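Pasting entry-v1.pdb here (PDB, C-alpha atoms, pLDDT in the B column):
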```
ATOM      1  CA  MET A   1      55.910 -41.144  30.700  1.00 42.00           C
ATOM      2  CA  THR A   2      53.434 -40.371  33.442  1.00 44.00           C
ATOM      3  CA  GLU A   3      51.065 -42.929  34.911  1.00 47.00           C
ATOM      4  CA  GLU A   4      48.194 -41.013  33.308  1.00 45.00           C
ATOM      5  CA  SER A   5      49.704 -41.277  29.844  1.00 45.00           C
ATOM      6  CA  HIS A   6      50.260 -44.985  30.366  1.00 44.00           C
ATOM      7  CA  ARG A   7      46.538 -45.374  30.920  1.00 44.00           C
ATOM      8  CA  HIS A   8      45.449 -43.318  27.934  1.00 44.00           C
ATOM      9  CA  GLY A   9      46.815 -43.724  24.423  1.00 45.00           C
ATOM     10  CA  ASP A  10      48.310 -40.745  22.630  1.00 53.00           C
ATOM     11  CA  ASP A  11      47.425 -41.780  19.056  1.00 57.00           C
ATOM     12  CA  PRO A  12      43.739 -41.205  18.240  1.00 53.00           C
ATOM     13  CA  ALA A  13      44.057 -43.494  15.211  1.00 61.00           C
ATOM     14  CA  LEU A  14      44.470 -46.483  17.531  1.00 67.00           C
ATOM     15  CA  ASP A  15      41.097 -47.451  18.952  1.00 70.00           C
ATOM     16  CA  GLU A  16      41.863 -50.450  21.155  1.00 87.00           C
ATOM     17  CA  PRO A  17      43.982 -50.675  24.351  1.00 91.00           C
ATOM     18  CA  ALA A  18      45.829 -53.695  22.956  1.00 93.00           C
ATOM     19  CA  GLU A  19      46.705 -51.825  19.742  1.00 93.00           C
ATOM     20  CA  ARG A  20      48.184 -48.949  21.702  1.00 92.00           C
ATOM     21  CA  ALA A  21      50.086 -51.356  23.968  1.00 92.00           C
ATOM     22  CA  ALA A  22      51.383 -53.178  20.878  1.00 93.00           C
ATOM     23  CA  VAL A  23      53.040 -49.986  19.619  1.00 92.00           C
ATOM     24  CA  ARG A  24      55.132 -49.869  22.794  1.00 91.00           C
ATOM     25  CA  ARG A  25      55.791 -53.620  22.633  1.00 93.00           C
ATOM     26  CA  ASP A  26      57.121 -53.355  19.084  1.00 92.00           C
ATOM     27  CA  ALA A  27      59.727 -50.841  20.208  1.00 91.00           C
ATOM     28  CA  LEU A  28      61.600 -53.852  21.614  1.00 91.00           C
ATOM     29  CA  PRO A  29      63.117 -56.776  19.703  1.00 89.00           C
ATOM     30  CA  ALA A  30      61.382 -60.148  19.952  1.00 91.00           C
ATOM     31  CA  PHE A  31      62.602 -62.603  22.574  1.00 89.00           C
ATOM     32  CA  GLU A  32      65.536 -64.806  21.662  1.00 88.00           C
ATOM     33  CA  PRO A  33      66.911 -67.283  24.230  1.00 87.00           C
ATOM     34  CA  ALA A  34      70.280 -66.270  25.605  1.00 83.00           C
ATOM     35  CA  PRO A  35      73.104 -68.668  24.715  1.00 82.00           C
ATOM     36  CA  GLU A  36      74.322 -71.205  27.227  1.00 74.00           C
ATOM     37  CA  PRO A  37      77.360 -69.885  29.143  1.00 67.00           C
ATOM     38  CA  GLU A  38      80.612 -71.632  28.245  1.00 64.00           C
ATOM     39  CA  ALA A  39      81.645 -71.624  31.883  1.00 55.00           C
ATOM     40  CA  PRO A  40      79.692 -70.290  34.885  1.00 49.00           C
ATOM     41  CA  LEU A  41      81.063 -67.221  36.594  1.00 45.00           C
ATOM     42  CA  VAL A  42      82.010 -67.591  40.223  1.00 43.00           C
ATOM     43  CA  ALA A  43      79.894 -64.612  41.149  1.00 43.00           C
ATOM     44  CA  GLU A  44      77.268 -63.254  38.771  1.00 45.00           C
ATOM     45  CA  HIS A  45      73.965 -61.421  39.039  1.00 46.00           C
ATOM     46  CA  ALA A  46      70.952 -63.068  37.392  1.00 44.00           C
ATOM     47  CA  TRP A  47      71.117 -60.572  34.530  1.00 45.00           C
ATOM     48  CA  GLY A  48      74.811 -61.163  33.880  1.00 47.00           C
ATOM     49  CA  ALA A  49      76.708 -58.353  35.620  1.00 46.00           C
ATOM     50  CA  PRO A  50      79.794 -59.797  37.370  1.00 47.00           C
ATOM     51  CA  THR A  51      80.089 -58.954  41.049  1.00 49.00           C
ATOM     52  CA  GLN A  52      83.112 -58.541  43.282  1.00 50.00           C
ATOM     53  CA  MET A  53      84.740 -61.795  44.338  1.00 51.00           C
ATOM     54  CA  SER A  54      83.904 -62.792  47.916  1.00 51.00           C
ATOM     55  CA  SER A  55      87.601 -63.356  48.646  1.00 54.00           C
ATOM     56  CA  GLU A  56      88.160 -59.621  48.183  1.00 57.00           C
ATOM     57  CA  LEU A  57      85.607 -58.628  50.837  1.00 54.00           C
ATOM     58  CA  PRO A  58      86.011 -58.436  54.639  1.00 59.00           C
ATOM     59  CA  GLY A  59      84.814 -61.257  56.894  1.00 58.00           C
ATOM     60  CA  VAL A  60      85.748 -64.732  58.006  1.00 58.00           C
ATOM     61  CA  PRO A  61      84.140 -67.508  55.928  1.00 58.00           C
ATOM     62  CA  ASP A  62      82.300 -70.354  57.627  1.00 58.00           C
ATOM     63  CA  HIS A  63      80.135 -73.309  56.599  1.00 59.00           C
ATOM     64  CA  PHE A  64      76.865 -71.312  56.520  1.00 56.00           C
ATOM     65  CA  GLN A  65      75.155 -70.103  53.355  1.00 54.00           C
ATOM     66  CA  ARG A  66      73.349 -66.759  53.745  1.00 57.00           C
ATOM     67  CA  LEU A  67      70.324 -65.691  51.748  1.00 56.00           C
ATOM     68  CA  TRP A  68      69.673 -61.937  51.841  1.00 60.00           C
ATOM     69  CA  THR A  69      65.930 -61.454  51.301  1.00 59.00           C
ATOM     70  CA  PRO A  70      64.871 -58.400  53.341  1.00 60.00           C
ATOM     71  CA  TYR A  71      61.686 -57.895  51.320  1.00 56.00           C
ATOM     72  CA  ARG A  72      60.281 -60.963  53.077  1.00 59.00           C
ATOM     73  CA  MET A  73      60.021 -58.866  56.250  1.00 60.00           C
ATOM     74  CA  VAL A  74      56.486 -58.203  54.980  1.00 56.00           C
ATOM     75  CA  TYR A  75      55.820 -61.928  55.341  1.00 54.00           C
ATOM     76  CA  ILE A  76      57.221 -61.937  58.879  1.00 55.00           C
ATOM     77  CA  GLN A  77      55.400 -58.839  60.070  1.00 58.00           C
ATOM     78  CA  GLN A  78      52.052 -59.199  58.291  1.00 55.00           C
ATOM     79  CA  GLY A  79      51.706 -62.808  57.187  1.00 55.00           C
ATOM     80  CA  GLN A  80      51.642 -64.237  53.689  1.00 51.00           C
ATOM     81  CA  MET A  81      48.013 -63.740  52.724  1.00 52.00           C
ATOM     82  CA  PRO A  82      46.062 -60.451  52.680  1.00 52.00           C
ATOM     83  CA  GLU A  83      43.334 -59.753  55.172  1.00 57.00           C
ATOM     84  CA  GLU A  84      40.039 -61.457  54.552  1.00 54.00           C
ATOM     85  CA  HIS A  85      38.005 -59.716  51.824  1.00 66.00           C
ATOM     86  CA  ALA A  86      41.067 -57.617  50.885  1.00 82.00           C
ATOM     87  CA  CYS A  87      42.379 -58.005  47.345  1.00 92.00           C
ATOM     88  CA  PRO A  88      46.042 -57.016  46.816  1.00 92.00           C
ATOM     89  CA  PHE A  89      45.502 -56.772  43.055  1.00 94.00           C
ATOM     90  CA  CYS A  90      42.732 -54.212  43.570  1.00 95.00           C
ATOM     91  CA  ARG A  91      44.832 -52.359  46.118  1.00 94.00           C
ATOM     92  CA  ALA A  92      48.085 -52.202  44.109  1.00 95.00           C
ATOM     93  CA  PRO A  93      46.904 -49.736  41.390  1.00 96.00           C
ATOM     94  CA  GLU A  94      45.738 -47.332  44.115  1.00 95.00           C
ATOM     95  CA  LEU A  95      49.307 -47.127  45.452  1.00 95.00           C
ATOM     96  CA  SER A  96      52.384 -45.520  43.960  1.00 95.00           C
ATOM     97  CA  ASP A  97      54.364 -47.723  41.599  1.00 96.00           C
ATOM     98  CA  ASP A  98      57.050 -48.508  44.163  1.00 93.00           C
ATOM     99  CA  GLN A  99      54.558 -49.316  46.914  1.00 93.00           C
ATOM    100  CA  GLY A 100      52.475 -51.523  44.611  1.00 94.00           C
ATOM    101  CA  LEU A 101      55.502 -53.131  42.893  1.00 94.00           C
ATOM    102  CA  ILE A 102      54.011 -51.946  39.584  1.00 96.00           C
ATOM    103  CA  VAL A 103      56.253 -51.802  36.518  1.00 97.00           C
ATOM    104  CA  ALA A 104      53.698 -50.738  33.884  1.00 97.00           C
ATOM    105  CA  ARG A 105      50.093 -49.462  33.780  1.00 97.00           C
ATOM    106  CA  GLY A 106      47.971 -50.146  30.723  1.00 96.00           C
ATOM    107  CA  GLU A 107      44.399 -49.099  30.055  1.00 96.00           C
ATOM    108  CA  THR A 108      42.585 -52.263  31.133  1.00 97.00           C
ATOM    109  CA  CYS A 109      45.479 -54.187  32.730  1.00 98.00           C
ATOM    110  CA  PHE A 110      48.686 -53.533  34.649  1.00 98.00           C
ATOM    111  CA  VAL A 111      51.948 -55.371  35.313  1.00 97.00           C
ATOM    112  CA  LEU A 112      53.553 -55.855  38.713  1.00 96.00           C
ATOM    113  CA  LEU A 113      56.230 -57.943  40.371  1.00 94.00           C
ATOM    114  CA  ASN A 114      55.299 -60.959  42.463  1.00 92.00           C
ATOM    115  CA  LEU A 115      56.001 -60.298  46.136  1.00 88.00           C
ATOM    116  CA  TYR A 116      56.993 -63.956  46.497  1.00 84.00           C
ATOM    117  CA  PRO A 117      58.826 -64.611  43.229  1.00 86.00           C
ATOM    118  CA  TYR A 118      59.821 -68.016  41.935  1.00 83.00           C
ATOM    119  CA  ASN A 119      62.674 -66.391  40.018  1.00 87.00           C
ATOM    120  CA  THR A 120      64.159 -62.926  39.699  1.00 88.00           C
ATOM    121  CA  GLY A 121      61.846 -60.838  37.518  1.00 92.00           C
ATOM    122  CA  HIS A 122      58.727 -62.946  38.190  1.00 93.00           C
ATOM    123  CA  MET A 123      55.898 -60.672  37.022  1.00 95.00           C
ATOM    124  CA  MET A 124      52.117 -60.845  36.852  1.00 96.00           C
ATOM    125  CA  VAL A 125      49.645 -59.185  34.479  1.00 97.00           C
ATOM    126  CA  CYS A 126      46.258 -58.344  36.002  1.00 97.00           C
ATOM    127  CA  PRO A 127      43.110 -56.584  34.852  1.00 97.00           C
ATOM    128  CA  TYR A 128      42.080 -53.592  36.927  1.00 97.00           C
ATOM    129  CA  ARG A 129      38.625 -55.116  37.268  1.00 97.00           C
ATOM    130  CA  HIS A 130      38.071 -57.553  40.114  1.00 96.00           C
ATOM    131  CA  VAL A 131      37.285 -60.657  38.070  1.00 96.00           C
ATOM    132  CA  GLY A 132      38.421 -64.147  38.919  1.00 95.00           C
ATOM    133  CA  MET A 133      38.154 -66.345  35.847  1.00 95.00           C
ATOM    134  CA  TYR A 134      39.713 -65.963  32.418  1.00 96.00           C
ATOM    135  CA  ASP A 135      36.403 -66.453  30.622  1.00 95.00           C
ATOM    136  CA  GLN A 136      34.970 -63.490  32.571  1.00 96.00           C
ATOM    137  CA  ALA A 137      37.535 -61.065  31.138  1.00 96.00           C
ATOM    138  CA  THR A 138      36.437 -58.767  28.344  1.00 96.00           C
ATOM    139  CA  THR A 139      37.860 -58.981  24.834  1.00 95.00           C
ATOM    140  CA  GLU A 140      39.807 -55.768  25.488  1.00 96.00           C
ATOM    141  CA  GLU A 141      41.261 -57.119  28.723  1.00 97.00           C
ATOM    142  CA  VAL A 142      42.293 -60.413  27.137  1.00 96.00           C
ATOM    143  CA  ALA A 143      43.953 -58.638  24.211  1.00 96.00           C
ATOM    144  CA  GLU A 144      45.863 -56.122  26.326  1.00 97.00           C
ATOM    145  CA  MET A 145      46.910 -58.829  28.800  1.00 97.00           C
ATOM    146  CA  ALA A 146      48.447 -60.744  25.901  1.00 96.00           C
ATOM    147  CA  VAL A 147      50.353 -57.730  24.563  1.00 96.00           C
ATOM    148  CA  LEU A 148      51.627 -56.754  28.023  1.00 97.00           C
ATOM    149  CA  THR A 149      52.803 -60.336  28.498  1.00 97.00           C
ATOM    150  CA  GLN A 150      54.756 -60.144  25.240  1.00 96.00           C
ATOM    151  CA  THR A 151      56.269 -56.815  26.281  1.00 97.00           C
ATOM    152  CA  ALA A 152      57.293 -58.267  29.649  1.00 96.00           C
ATOM    153  CA  MET A 153      59.045 -61.133  27.859  1.00 96.00           C
ATOM    154  CA  ARG A 154      61.020 -58.713  25.701  1.00 96.00           C
ATOM    155  CA  VAL A 155      61.978 -56.483  28.632  1.00 96.00           C
ATOM    156  CA  LEU A 156      63.142 -59.429  30.733  1.00 94.00           C
ATOM    157  CA  SER A 157      65.054 -60.817  27.772  1.00 93.00           C
ATOM    158  CA  GLN A 158      67.049 -57.609  27.496  1.00 92.00           C
ATOM    159  CA  LEU A 159      67.607 -57.202  31.228  1.00 92.00           C
ATOM    160  CA  THR A 160      68.298 -60.727  32.394  1.00 89.00           C
ATOM    161  CA  ARG A 161      69.528 -62.745  29.387  1.00 88.00           C
ATOM    162  CA  CYS A 162      66.958 -65.396  30.299  1.00 90.00           C
ATOM    163  CA  GLN A 163      66.680 -68.522  28.179  1.00 91.00           C
ATOM    164  CA  GLY A 164      62.965 -69.218  28.433  1.00 92.00           C
ATOM    165  CA  PHE A 165      59.736 -68.523  30.319  1.00 93.00           C
ATOM    166  CA  ASN A 166      56.962 -70.196  32.244  1.00 92.00           C
ATOM    167  CA  ILE A 167      53.750 -68.313  31.426  1.00 94.00           C
ATOM    168  CA  GLY A 168      50.311 -69.199  32.716  1.00 93.00           C
ATOM    169  CA  MET A 169      47.532 -68.815  35.234  1.00 93.00           C
ATOM    170  CA  ASN A 170      45.934 -70.992  37.884  1.00 92.00           C
ATOM    171  CA  GLN A 171      42.146 -70.826  37.728  1.00 92.00           C
ATOM    172  CA  GLY A 172      40.485 -71.459  41.100  1.00 90.00           C
ATOM    173  CA  ARG A 173      41.922 -72.492  44.454  1.00 90.00           C
ATOM    174  CA  ILE A 174      41.695 -76.168  43.535  1.00 91.00           C
ATOM    175  CA  ALA A 175      44.080 -75.416  40.647  1.00 90.00           C
ATOM    176  CA  GLY A 176      46.607 -73.713  42.909  1.00 86.00           C
ATOM    177  CA  ALA A 177      45.633 -70.042  42.697  1.00 86.00           C
ATOM    178  CA  GLY A 178      46.868 -68.253  45.818  1.00 84.00           C
ATOM    179  CA  ILE A 179      44.527 -65.331  45.151  1.00 89.00           C
ATOM    180  CA  ALA A 180      41.721 -66.943  43.189  1.00 91.00           C
ATOM    181  CA  ASP A 181      39.266 -64.047  43.072  1.00 93.00           C
ATOM    182  CA  HIS A 182      41.350 -61.724  40.890  1.00 95.00           C
ATOM    183  CA  LEU A 183      42.668 -62.922  37.541  1.00 95.00           C
ATOM    184  CA  HIS A 184      46.430 -62.770  37.106  1.00 96.00           C
ATOM    185  CA  GLN A 185      48.878 -64.284  34.632  1.00 95.00           C
ATOM    186  CA  HIS A 186      52.372 -65.285  35.734  1.00 95.00           C
ATOM    187  CA  ILE A 187      55.505 -64.556  33.698  1.00 94.00           C
ATOM    188  CA  VAL A 188      58.526 -66.388  35.130  1.00 92.00           C
ATOM    189  CA  PRO A 189      61.929 -66.077  33.417  1.00 92.00           C
ATOM    190  CA  ARG A 190      64.017 -69.247  33.359  1.00 90.00           C
ATOM    191  CA  TRP A 191      67.705 -70.096  33.052  1.00 86.00           C
ATOM    192  CA  SER A 192      69.352 -73.455  32.516  1.00 81.00           C
ATOM    193  CA  LEU A 193      70.926 -73.411  35.984  1.00 70.00           C
ATOM    194  CA  ASP A 194      68.155 -71.705  37.955  1.00 72.00           C
ATOM    195  CA  SER A 195      67.033 -74.851  39.815  1.00 65.00           C
ATOM    196  CA  ASN A 196      68.934 -76.505  42.625  1.00 53.00           C
ATOM    197  CA  PHE A 197      68.275 -78.387  45.832  1.00 48.00           C
ATOM    198  CA  PHE A 198      67.079 -75.313  47.775  1.00 48.00           C
ATOM    199  CA  PRO A 199      63.422 -75.288  46.649  1.00 50.00           C
ATOM    200  CA  ILE A 200      63.134 -79.073  46.853  1.00 47.00           C
ATOM    201  CA  ILE A 201      64.897 -79.837  50.126  1.00 47.00           C
ATOM    202  CA  ALA A 202      64.912 -76.573  52.055  1.00 46.00           C
ATOM    203  CA  LYS A 203      61.789 -74.869  50.606  1.00 51.00           C
ATOM    204  CA  THR A 204      64.023 -71.866  49.950  1.00 55.00           C
ATOM    205  CA  LYS A 205      64.621 -69.802  46.818  1.00 63.00           C
ATOM    206  CA  ALA A 206      67.779 -67.719  46.478  1.00 63.00           C
ATOM    207  CA  LEU A 207      67.234 -64.381  44.677  1.00 69.00           C
ATOM    208  CA  PRO A 208      70.186 -62.143  43.764  1.00 70.00           C
ATOM    209  CA  ILE A 209      68.457 -58.739  43.676  1.00 80.00           C
ATOM    210  CA  LEU A 210      65.959 -56.901  45.860  1.00 83.00           C
ATOM    211  CA  LEU A 211      62.431 -56.474  44.538  1.00 87.00           C
ATOM    212  CA  GLU A 212      62.546 -52.682  44.371  1.00 90.00           C
ATOM    213  CA  ASP A 213      65.855 -52.710  42.503  1.00 90.00           C
ATOM    214  CA  MET A 214      64.405 -55.198  40.014  1.00 91.00           C
ATOM    215  CA  ARG A 215      61.198 -53.149  39.705  1.00 94.00           C
ATOM    216  CA  GLN A 216      63.144 -50.008  38.895  1.00 95.00           C
ATOM    217  CA  ASP A 217      65.236 -51.813  36.286  1.00 94.00           C
ATOM    218  CA  ILE A 218      62.164 -53.266  34.568  1.00 95.00           C
ATOM    219  CA  GLN A 219      60.220 -50.006  34.668  1.00 96.00           C
ATOM    220  CA  ALA A 220      63.169 -48.098  33.208  1.00 96.00           C
ATOM    221  CA  ALA A 221      63.449 -50.619  30.360  1.00 95.00           C
ATOM    222  CA  TRP A 222      59.684 -50.726  29.680  1.00 96.00           C
ATOM    223  CA  PRO A 223      58.939 -48.901  26.396  1.00 93.00           C
ATOM    224  CA  ALA A 224      57.161 -45.573  26.883  1.00 87.00           C
TER     225      ALA A 224
END
```

Full structure transcribed into structure tokens:
Amino acid sequence: MTEESHRHGDDPALDEPAERAAVRRDALPAFEPAPEPEAPLVAEHAWGAPTQMSSELPGVPDHFQRLWTPYRMVYIQQGQMPEEHACPFCRAPELSDDQGLIVARGETCFVLLNLYPYNTGHMMVCPYRHVGMYDQATTEEVAEMAVLTQTAMRVLSQLTRCQGFNIGMNQGRIAGAGIADHLHQHIVPRWSLDSNFFPIIAKTKALPILLEDMRQDIQAAWPA
């Protein structure tokens, strides 16, 4: 489906953006937590596809652990925060899907990956309008944001076999919002073994897949 058709419903009988988004949502089964693994695989992607054993690959092992996160070159080259008065959530819809990390475009809201994810598949739902607080969103925006959040849960459930979610928004800088001037809701998939000492001791999060690869997988699984 084209970006234009994502923004405009095809069924004239459906009058609200959320109703049209709900038709696509209902094409997917509701979220059910994935079962606990009986025994962890030695090497496994976040979504469950076994990888080649490291003992079968070339190289001499040492005591170092290596985290491959090339997407963070943006952080190194340009810094973490956008330029003053620049809003990345206003800018993203103006870009192509791959450049803006967008996985789905609704009529009043869109869904994109977090550039600095807590977990693989960490998404955000944002209104197109530049509005900061939840109580400033229109009824249509609130409704479509909710349906897109549900759809994201179902897509991630199918792709990643996640066992739960953290869903929410930080309202205002004092509450922890990194970009406080543009409303956004976080959707973070969770697994029983997704936390370890890295984030606590080393301030480091290990992610098993590049952002663009994850974006393509989610966009391909998003109902048209």

Open item on the list: For this structure, which residues satisfy the selection - the PyMOL selection byres ((chain A and resi 175-178) around 12) - when it is evaluated on the file as given? I want them as a list in words.
Closed with: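 Going through the file, the PyMOL selection byres ((chain A and resi 175-178) around 12) ends up selecting Gln80, Met81, Pro82, Cys87, Pro88, Phe89, Asn114, Tyr116, Gly132, Met133, Gly168, Met169, Asn170, Gln171, Gly172, Arg173, Ile174, Ile179, Ala180, Asp181, His182, Leu183, His184, Gln185 and His186 of chain A.
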
Task: Close residues, Val147 of chain A itself excluded, 12 Å, all atoms listed in the file, min 3 positions apart in chain, as a PyMOL selection string - done: chain A and resi 16-26+106-111+125+140-144+150-154

Taking the file as I've supplied it (selection: the PyMOL selection byres ((chain A and resi 123) around 6)), which residues are included? Please answer as a short mmCIF file (atom, residue, chain, number, x, y, z; two decimals) with C-alpha atoms, keeping the file's coordinate frame.
```cif
data_model
loop_
_atom_site.label_atom_id
_atom_site.label_comp_id
_atom_site.auth_asym_id
_atom_site.auth_seq_id
_atom_site.Cartn_x
_atom_site.Cartn_y
_atom_site.Cartn_z
CA LEU A 112 53.55 -55.86 38.71
CA LEU A 113 56.23 -57.94 40.37
CA ASN A 114 55.30 -60.96 42.46
CA GLY A 121 61.85 -60.84 37.52
CA HIS A 122 58.73 -62.95 38.19
CA MET A 124 52.12 -60.84 36.85
CA HIS A 186 52.37 -65.28 35.73
CA ILE A 187 55.50 -64.56 33.70
#
```

Open item on the list: Counting only C-alpha atoms, which residue out of A:Leu211, A:Ile218, A:Ala104, A:Ala34 sits closest to Met145 of chain A?
Closed with: A:Ala104

TODO: Mind checking which residues fall within 12 Å of Asp217 of chain A, counting only C-alpha atoms, ignoring those fewer than 6 positions away in the same chain, and posting them as a list in words?
DONE: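 The residues satisfying every condition are Trp47, Asp98, Leu101, Ile102, Val103, Ala104, Leu113, Thr120, Gly121, Val155, Leu156, Gln158, Leu159, Thr160, Ile209, Leu210 and Leu211 of chain A.
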
TODO: Could you jot down the atom CA of Ala220 of chain A to atom CA of Leu115 of chain A separation for me, Å, one decimal place?
DONE: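 Computing the Euclidean distance for atom CA of Ala220 of chain A and atom CA of Leu115 of chain A yields 19.2 Å.
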
Task: Pairwise distance for atom CA of Ile167 of chain A and atom CA of Arg129 of chain A, rounded to one decimal in Å - done: 20.9 Å

TODO: Kindly give the distance, in Å, that separates atom CA of Leu148 of chain A and atom CA of Glu94 of chain A, rounded to a single decimal.
DONE: 19.6 Å

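Nearest-residue note for Val188 of chain A: choosing from A:Pro208, A:Pro117, A:Pro127, A:Pro35, the minimum distance belongs to A:Pro117, counting only C-alpha atoms.
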
Task: Nearest-residue call for Glu36 of chain A, choices A:Asn166, A:Gln136, A:Asn119, A:Ser192, using all atoms listed in the file - done: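 Ranking A:Asn166, A:Gln136, A:Asn119, A:Ser192 by distance to Glu36 of chain A, first place goes to A:Ser192.
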
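The nearest approach to Glu212 of chain A among the residues A:Ala86, A:Gln99, A:Ala92, A:Gly164, with only C-alpha atoms taken into account, belongs to A:Gln99.
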
TODO: Enumerate, as a count of residues only, the residues matched when the PyMOL selection byres ((chain A and resi 31) around 7) is run on the file above.
DONE: 7

Open item on the list: Measuring between all atoms listed in the file, which one of A:Cys126, A:Asp15, A:Tyr134, A:Cys90 shows the shortest distance to Arg105 of chain A?
Closed with: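 Among the listed residues, A:Cys126 lies closest to Arg105 of chain A.
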
Which centre and edge lengths in Å to one decimal define the box along x, y and z that fits every listed atom of segment 125-137 of chain A plus 4 Å per side, as JSON?
```
{"center_x": 42.3, "center_y": -60.0, "center_z": 35.4, "size_x": 22.7, "size_y": 20.9, "size_z": 17.5}
```
